[in-house]
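Heads up: the structure comes next, in structure tokens.
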Amino acid sequence: MRKEIGASPGSLVYTGDYEHDVFGKLFTYDADHLSETEFTEKLPPLSRESGHNSWLLVQGVHDLDIVKSIGQTFGLHRLVLEDMVNPVQRMKVEDYEGVLFLVLKMVEWRDEGEWESRQFNMLMADKWTVLVTESETDFFEPIVKRLKKDGGVIRKSGADYMGYAIIDLLVDHYMHIVNDVGDRVEDIDAERLDEGNTLADLKSLQHYLTHLKRYVRQLKELLQTLLKDDMILVHAETKIYLRDVYDHALQCADQVESLQDSLNSALNHYHSHMGLKLNEIMKFLTMMGSIFIPLTFVAGIYGMNFQHMPELAWKWGYPAVVGAMVLITVGLVIYFKIRKWF
Amino acid sequence: MRKEIGASPGSLVYTGDYEHDVFGKLFTYDADHLSETEFTEKLPPLSRESGHNSWLLVQGVHDLDIVKSIGQTFGLHRLVLEDMVNPVQRMKVEDYEGVLFLVLKMVEWRDEGEWESRQFNMLMADKWTVLVTESETDFFEPIVKRLKKDGGVIRKSGADYMGYAIIDLLVDHYMHIVNDVGDRVEDIDAERLDEGNTLADLKSLQHYLTHLKRYVRQLKELLQTLLKDDMILVHAETKIYLRDVYDHALQCADQVESLQDSLNSALNHYHSHMGLKLNEIMKFLTMMGSIFIPLTFVAGIYGMNFQHMPELAWKWGYPAVVGAMVLITVGLVIYFKIRKWF
Amino acid sequence: MRKEIGASPGSLVYTGDYEHDVFGKLFTYDADHLSETEFTEKLPPLSRESGHNSWLLVQGVHDLDIVKSIGQTFGLHRLVLEDMVNPVQRMKVEDYEGVLFLVLKMVEWRDEGEWESRQFNMLMADKWTVLVTESETDFFEPIVKRLKKDGGVIRKSGADYMGYAIIDLLVDHYMHIVNDVGDRVEDIDAERLDEGNTLADLKSLQHYLTHLKRYVRQLKELLQTLLKDDMILVHAETKIYLRDVYDHALQCADQVESLQDSLNSALNHYHSHMGLKLNEIMKFLTMMGSIFIPLTFVAGIYGMNFQHMPELAWKWGYPAVVGAMVLITVGLVIYFKIRKWF
Amino acid sequence: MRKEIGASPGSLVYTGDYEHDVFGKLFTYDADHLSETEFTEKLPPLSRESGHNSWLLVQGVHDLDIVKSIGQTFGLHRLVLEDMVNPVQRMKVEDYEGVLFLVLKMVEWRDEGEWESRQFNMLMADKWTVLVTESETDFFEPIVKRLKKDGGVIRKSGADYMGYAIIDLLVDHYMHIVNDVGDRVEDIDAERLDEGNTLADLKSLQHYLTHLKRYVRQLKELLQTLLKDDMILVHAETKIYLRDVYDHALQCADQVESLQDSLNSALNHYHSHMGLKLNEIMKFLTMMGSIFIPLTFVAGIYGMNFQHMPELAWKWGYPAVVGAMVLITVGLVIYFKIRKWF
Amino acid sequence: MRKEIGASPGSLVYTGDYEHDVFGKLFTYDADHLSETEFTEKLPPLSRESGHNSWLLVQGVHDLDIVKSIGQTFGLHRLVLEDMVNPVQRMKVEDYEGVLFLVLKMVEWRDEGEWESRQFNMLMADKWTVLVTESETDFFEPIVKRLKKDGGVIRKSGADYMGYAIIDLLVDHYMHIVNDVGDRVEDIDAERLDEGNTLADLKSLQHYLTHLKRYVRQLKELLQTLLKDDMILVHAETKIYLRDVYDHALQCADQVESLQDSLNSALNHYHSHMGLKLNEIMKFLTMMGSIFIPLTFVAGIYGMNFQHMPELAWKWGYPAVVGAMVLITVGLVIYFKIRKWF
């Protein structure tokens with residue numbers, strides 16, 4: 001469903017196509033305690049002022065009531081809410097005094113070697129992290145596990161570290177896909193691209209890399225914004241971690257670039273291989289044609305039915321013509337060799 | 001009609017080709033009231049100092065008297081007036097103390113799947129928004145509707161918000177066209193481009209995207225200027241909205257770029273598909289030629305009319321030659337298979 | 001004549017090839033008065049301190065005495081004089097306390113649809129504008145006319161406005177040429193480029209656009225320098241006009257770029273059109289060859305003169321062979337249709 | 001072994017494939033003394049506060065205990081340790097108050113004309129230089145030798161000079177490889193690329209250069225960071241040396257670029273050479289075909305067996321036809337010459 | 001001879017291949033006096049503190065003693081000396097308090113239309129200019145001449161002006177070569193590139209331009225450094241001259257770029273010309289083939305020896321078949337015309 005042209009800003013219209021049941025979890029945690037609440041349909045009562053760190057994970061961005069009540073709790077600008085329900089956006093971070101609003105894109109491999117990207121929203125306030133996603137996903141399980149198991153950093157830190165952990169997870173996924181694409185690129189044998197469907201595979205890999213490149217570039221911009229000195233919601237210690245993620249993103253971008261080079265050179269190789277092969281075939285035809293066309297002509301001469309053709313009656317006429325044909329053939333072959341055509 | 005070379009600056013010559021009757025509307029509004037006045041031929045009396053917000057919508061940039069009287073009312077530099085009547089310009093914003101002058105370009109789909117861009121001028125003073133367009137257009141209807149219906153933001157805000165609403169409408173239209181182009185790009189089947197007129201379609205889509213890219217780039221520059229800190233005519237609150245439009249423009253630029261990639265890869269696919277097809281045909285000819293040329297030569301040999309050709313009288317001559325032909329054919333086919341030419 | 005390598009800087013050697021008689025005009029003007037003096041061979045006596053605005057127009061940069069006496073009057077650095085007599089330079093502006101030195105390039109259409117660029121020098125001091133050109137030209141007539149007619153701005157303003165008027169004239173000419181090139185680009189029919197000399201025309205248009213692009217780029221740099229805040233010789237009011245010229249230059253650059261796109265896509269269209277046409281012809285040959293080569297072979301078989309060929313004596317031999325030929329033809333045509341080669 | 005997605009940051013997992021025995025050396029030195037300690041399996045006891053300069057060289061980044069105890073000694077952030085055990089990274093330098101952490105890549109030729117890049121880590125503290133490498137390597141021998149022999153600068157200077165010496169060694173190796181690639185590029189004979197495996201060689205050289213370019217670019221960034229004014233761990237005197245290395249890197253980049261140009265132009269030359277050769281062959285076939293096809297047709301005419309063909313009985317029929325064939329041949333050859341096809 | 005990998009910095013190893021005898025000149029000059037001393041093998045005694053301006057010109061960079069004693073006289077860093085004896089470097093300027101060290105590249109035409117670039121070093125101290133070159137060269141003669149003849153600027157000015165004069169000479173040479181290349185580019189006739197060795201010429205011109213572009217770019221960087229405000233060794237007056245050289249360099253870069261455009265378009269023209277010519281030839285073959293192949297088939301039919309072919313006995317058989325052949329020919333020609341293939 002597309003939004004009406006000229007609709008007033010902040011009008012909430014969900015333009016995606018997922019309509020799962022609303023489902024969510026609320027984690028409240030500090031270094032010592034961890035509580036987990038599951039909910040469906042409605043948000044549990046939230047208070048921004050609770051002393052603990054809270055992580056709210058909501059699946060169901062299509063439910064405008066949910067979105068509105070999140071908006072109310074965190075005092076969000078209506079443009080933020082509008083952005084939340086629009087599933088086709090660039091990754092970005094916006095700083096609304098006290099709340100960071102991030103739009104992010106996760107990517108996941110599907111079974112058939114295809115992957116899918118899916119947008120989600122993140123709010124970071126001092127002690128609150130809110131994730132609002134479109135569809136059911138177990139993408140965040142590794143963080144839930146770390147939250148449960150770890151006596152460690154994630155439990156002791158605030159929303160900025162949680163945000164870092166999520167972006168880090170994202171980049172891990174990107175890197176994973178880049179590595180998988182890399183494995184498939186290595187398997188490509190440029191000289192056999194025309195057999196089976198490998199040429200189509202290669203084009204789809206190229207397509208993936210173009211998308212990944214765009215995502216990584218957007219993520220780099222996003223991280224640069226988060227790393228700025230005036231981004232006070234992110235503590236100095238967390239910035240060290242974010243810088244590490246930024247390094248991974250750079251590395252990812254490097255690898256994507258290098259894979260694109262490989263794919264392009266495989267394609268070039270394939271094309272020049274095809275060209276050389278056609279050349280070879282054409283040269284064979286040329287040789288056959290150039291040799292047999294004059295020979296056939298000679299045979300045609302003596303196939304004419306003129307009554308007065310003295311050679312026809314000559315006893316040695318036939319051997320002489322065959323001899324001439326052999327000479328022509330040898331001459332042409334020598335000529336070709338001299339011109340280095342074969 | 002082209003302007004004379006070396007004409008003195010500020011000389012008003014309308015160089016477009018629209019000469020509709022002048023028609024216009026004047027809206028005066030605040031949070032509580034809204035009055036609407038229609039006029040033709042002449043402007044109604046305007047006063048910059050009226051307490052209400054005013055929105056003047058004039059269709060008829062070719063009428064130099066109208067343009068001059070707008071110039072007088074708002075104390076515009078004569079270069080501004082010269083720009084207003086020149087319908088071939090880049091989008092831009094110029095800041096003349098107290099008045100912002102904007103040149104903008106709307107785009108509209110025509111019925112036959114073509115679109116048309118049309119330039120219009122916007123003046124933004126504290127409480128005044130003036131739109132001067134070339135031709136009759138119902139482009140601004142959604143805003144008129146919001147003005148009439150809304151008990152909301154647009155009525156309570158000044159010219160800067162009205163300006164935002166208009167630019168937002170513009171970007172909505174751009175986005176709409178990008179989406180439509182996107183739908184048509186998805187329908188393209190690269191292997192059938194030569195059938196019907198789809199190749200021409202694709203080229204016209206490419207043409208559209210090139211133009212859209214230019215427009216979006218100009219709009220981004222324009223918005224960057226409006227978002228600068230020293231642009232005091234635009235209030236901080238409105239800048240939040242403009243930043244949202246800027247985001248949409250970035251997104252639009254992203255999508256245009258990605259559509260261009262798709263089109264290019266479709267074209268490349270088409271070309272390599274055509275090349276492979278030609279290769280295939282050439283290879284078939286080569287096979288036919290390479291096999292039948294020597295066979296025909298052999299037949300030609302025994303079509304010669306020499307009186308002394310012992311083979312002709314030999315009883316098994318005919319079967320022997322046919323056998324030899326079969327051998328030659330099989331030999332060549334095997335040779336081709338070994339060279340992997342088929 | 002080329003300058004000697006390693007000549008000491010400031011050595012005056014005219015390296016162009018124009019040697020017309022020296023001719024010039026001196027205009028002295030203010031809001032109320034205008035006097036015009038023509039001169040040949042020698043400059044009239046000049047005084048920098050006269051109260052009026054003066055515009056000196058000298059045709060004859062090859063006359064080193066003229067150049068030197070201008071140098072003396074305005075106290076010019078010897079490198080400036082060296083630059084003045086070198087007709088192959090980039091456009092530029094140099095600020096020598098109290099005097100601006102500009103190198104500019106005018107372009108003019110010749111009758112045969114060719115155009116020519118020609119460099120000239122401009123000096124701008126407080127009340128003095130000096131133009132030194134290589135050849136006789138009526139390029140500046142529109143300004144002379146405005147100076148004579150106008151009770152207006154040009155008479156009331158100083159050298160900076162005169163400078164603006166000249167650069168504006170320049171850009172008007174650029175724009176005029178861009179428009180003319182645009183008209184000729186629109187006339188191009190990509191599918192008929194090979195007929196007549198249109199391909200050559202297209203290449204010369206491309207050549208022109210490359211040059212124009214370079215000129216416009218240089219002019220943009222020049223204007224940026226003139227628009228800087230520390231360029232005190234140019235008054236704030238004149239800068240508004242120059243900004244307008246700068247806008248025109250941007251527009252010009254945009255149009256040149258867009259024309260280059262059009263030319264390139266016309267060329268691409270032409271090349272792919274030629275390729276498709278050749279493909280079509282090759283396919284026709286292939287069809288003819290693939291069908292007739294085996295048929296001719298069959299005919300060749302029965303043209304052999306073996307005494308023992310039972311088919312020859314068979315009553316239905318001839319119709320059977322013709323029937324076989326028809327079958328072969330039909331078979332091949334069906335095969336081609338299945339492979340979608342035609 | 002790949003790292004688990006979403007692992008908590010700082011988790012130490014070695015993802016490379018080298019598992020040699022741990023081996024290392026510790027050099028303690030000042031201007032007068034030099035002591036060398038070899039160790040295996042475990043680090044010798046280290047103290048950051050010893051008065052001498054120390055250089056620790058550890059082979060065995062896969063041994064996490066070693067890495068951890070280095071981390072403890074120098075108080076390294078756990079992200080640094082994570083980076084140390086990840087052998088696929090970009091070159092970089094990170095400044096952790098008092099300790100610089102560098103990731104570098106050495107390159108070494110293997111015997112078969114292949115080369116291999118290998119990452120290593122460097123820590124630079126005031127008096128400590130620590131190198132942690134993946135595999136056994138004698139890459140650093142030249143520095144060991146200078147340390148032993150030299151009564152010179154390296155013994156008198158601190159860790160920053162040692163760091164410089166190592167980066168210098170790196171760039172020397174890069175330069176060496178660039179020179180070797182250069183020698184091999186010069187040996188390439190563009191017209192014989194298709195013989196033997198030289199085309200494949202050329203493609204591998206291209207591949208190498210792409211990688212070298214990336215390395216040099218990363219190294220330039222790294223050196224720019226080291227040369228910044230606020231990089232206080234590097235003394236002003238050492239910065240002079242580093243600027244020298246930076247110059248070498250620029251030079252290296254220049255040469256890589258110029259070699260890429262040469263390779264590209266060799267490839268282009270090869271392709272146009274192949275194209276010209278095919279053209280030549282095709283033209284030969286065309287000539288043969290165009291001449292003999294009509295001649296064969298003429299011979300075919302008089303090979304027909306009609307009973308009523310008056311020419312066949314004519315005495316001069318045969319010489320007339322042969323004469324006509326000669327005329328046709330001459331006519332076609334003249335036509336070809338006029339069209340300049342040969 | 002290549003330098004050892006990992007050699008300690010500042011080790012003096014001459015890596016070029018010139019080993020001429022050492023030869024040099026020392027000029028001492030001021031506005032009134034000029035003395036010239038020639039020397040071989042050893043430097044004359046030099047004193048940095050002599051009151052006069054001195055210009056030392058040494059040919060023989062391979063003589064390490066000479067290099068060392070220059071180093072001692074001017075107190076040069078050992079890295080400078082290392083750079084001096086390395087003949088493969090980028091152009092650069094380095095500022096060592098009180099001494100500027102420049103690496104420059106001169107270019108000279110050789111007789112056979114080839115050119116050669118050669119590196120030399122320049123030291124600029126307050127009153128000293130030192131040039132150290134690899135080989136015997138009369139490159140600097142024009143400056144010697146100006147020094148001897150001129151009662152002018154060069155005698156009155158210090159080392160910075162001398163440095164300017166040398167760089168100016170360099171750029172003059174570049175410009176000279178660019179002009180010569182330009183002349184040769186103009187002589188190229190794109191349609192005849194395949195005749196004689198012009199295609200090879202064109203490729204060597206391209207090669208030259210690539211190198212010149214690199215040199216000019218490096219020189220521009222070098223001049224930008226010299227023109228900086230904090231470059232106090234260069235006086236303000238000299239900077240005006242250097243800015244002039246910088247303009248020349250820009251101009252040179254512009255011309256190189258424009259020549260590259262011309263060469264590329266000549267190459268493109270050549271390739272499309274070759275393609276069109278091949279097309280034309282192929283089309284001729286196609287026409288011949290398409291017309292004569294079916295005709296020959298018809299002739300073949302009636303060349304068959306069946307006993308029962310009624311047409312053979314028919315009186316009008318022969319004329320009918322010839323008539324049919326004419327019809328086929330006319331039909332095909334009309335078909336070709338309709339398809340616009342000829």
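As shown in the structure tokens, the chain order sets the letters A, B, ...; within each chain, residues go from 1, and ligands are also counted from 1 in the order they appear.
For chain B, the residues within 6 Å of chain A are Pro142, Leu169, Asp172, Thr286, Ser290, Phe297, Gly300, Ile301, Gly303, Met304, Asn305, Phe306, Gln307 and His308 of chain B, with only C-alpha atoms used to measure distance.
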Open item on the list: Based on the backbone DSSP call, show me all residues of range 35-93 of chain C assigned strand (DSSP E), as a PyMOL selection string.
Closed with: chain C and resi 35-40+53-59+92-93
Give me a file of those residues, with C-alpha atoms, as an mmCIF file, in the first residue's frame.
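again.cif written:
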data_model
loop_
_atom_site.group_PDB
_atom_site.id
_atom_site.type_symbol
_atom_site.label_atom_id
_atom_site.label_comp_id
_atom_site.auth_asym_id
_atom_site.auth_seq_id
_atom_site.Cartn_x
_atom_site.Cartn_y
_atom_site.Cartn_z
ATOM 1 C CA SER C 35 32.403 60.969 -24.953
ATOM 2 C CA GLU C 36 33.901 58.621 -27.534
ATOM 3 C CA THR C 37 37.365 58.926 -29.096
ATOM 4 C CA GLU C 38 38.637 56.714 -31.873
ATOM 5 C CA PHE C 39 42.341 56.223 -32.423
ATOM 6 C CA THR C 40 44.728 54.230 -34.591
ATOM 7 C CA ASN C 53 34.718 56.293 -15.771
ATOM 8 C CA SER C 54 36.734 55.229 -18.786
ATOM 9 C CA TRP C 55 36.491 52.251 -21.071
ATOM 10 C CA LEU C 56 39.416 51.635 -23.377
ATOM 11 C CA LEU C 57 38.996 49.120 -26.175
ATOM 12 C CA VAL C 58 42.202 48.292 -28.052
ATOM 13 C CA GLN C 59 42.402 45.930 -31.007
ATOM 14 C CA LYS C 92 42.059 33.518 -15.085
ATOM 15 C CA VAL C 93 41.837 36.518 -12.838
#
TODO: Name the residues in contact with Val67 in chain C at a cut-off of 10 Å, using only C-alpha atoms, excluding same-chain residues fewer than 3 positions from it; report them as a ChimeraX atom specification.
DONE: /C:12,43,58,60-64,70-72,81-82,84-85,132
Open item on the list: One decimal, in Å: what's the spacing between CA of His52 in chain A and CA of Trp128 in chain A?
Closed with: 8.8 Å
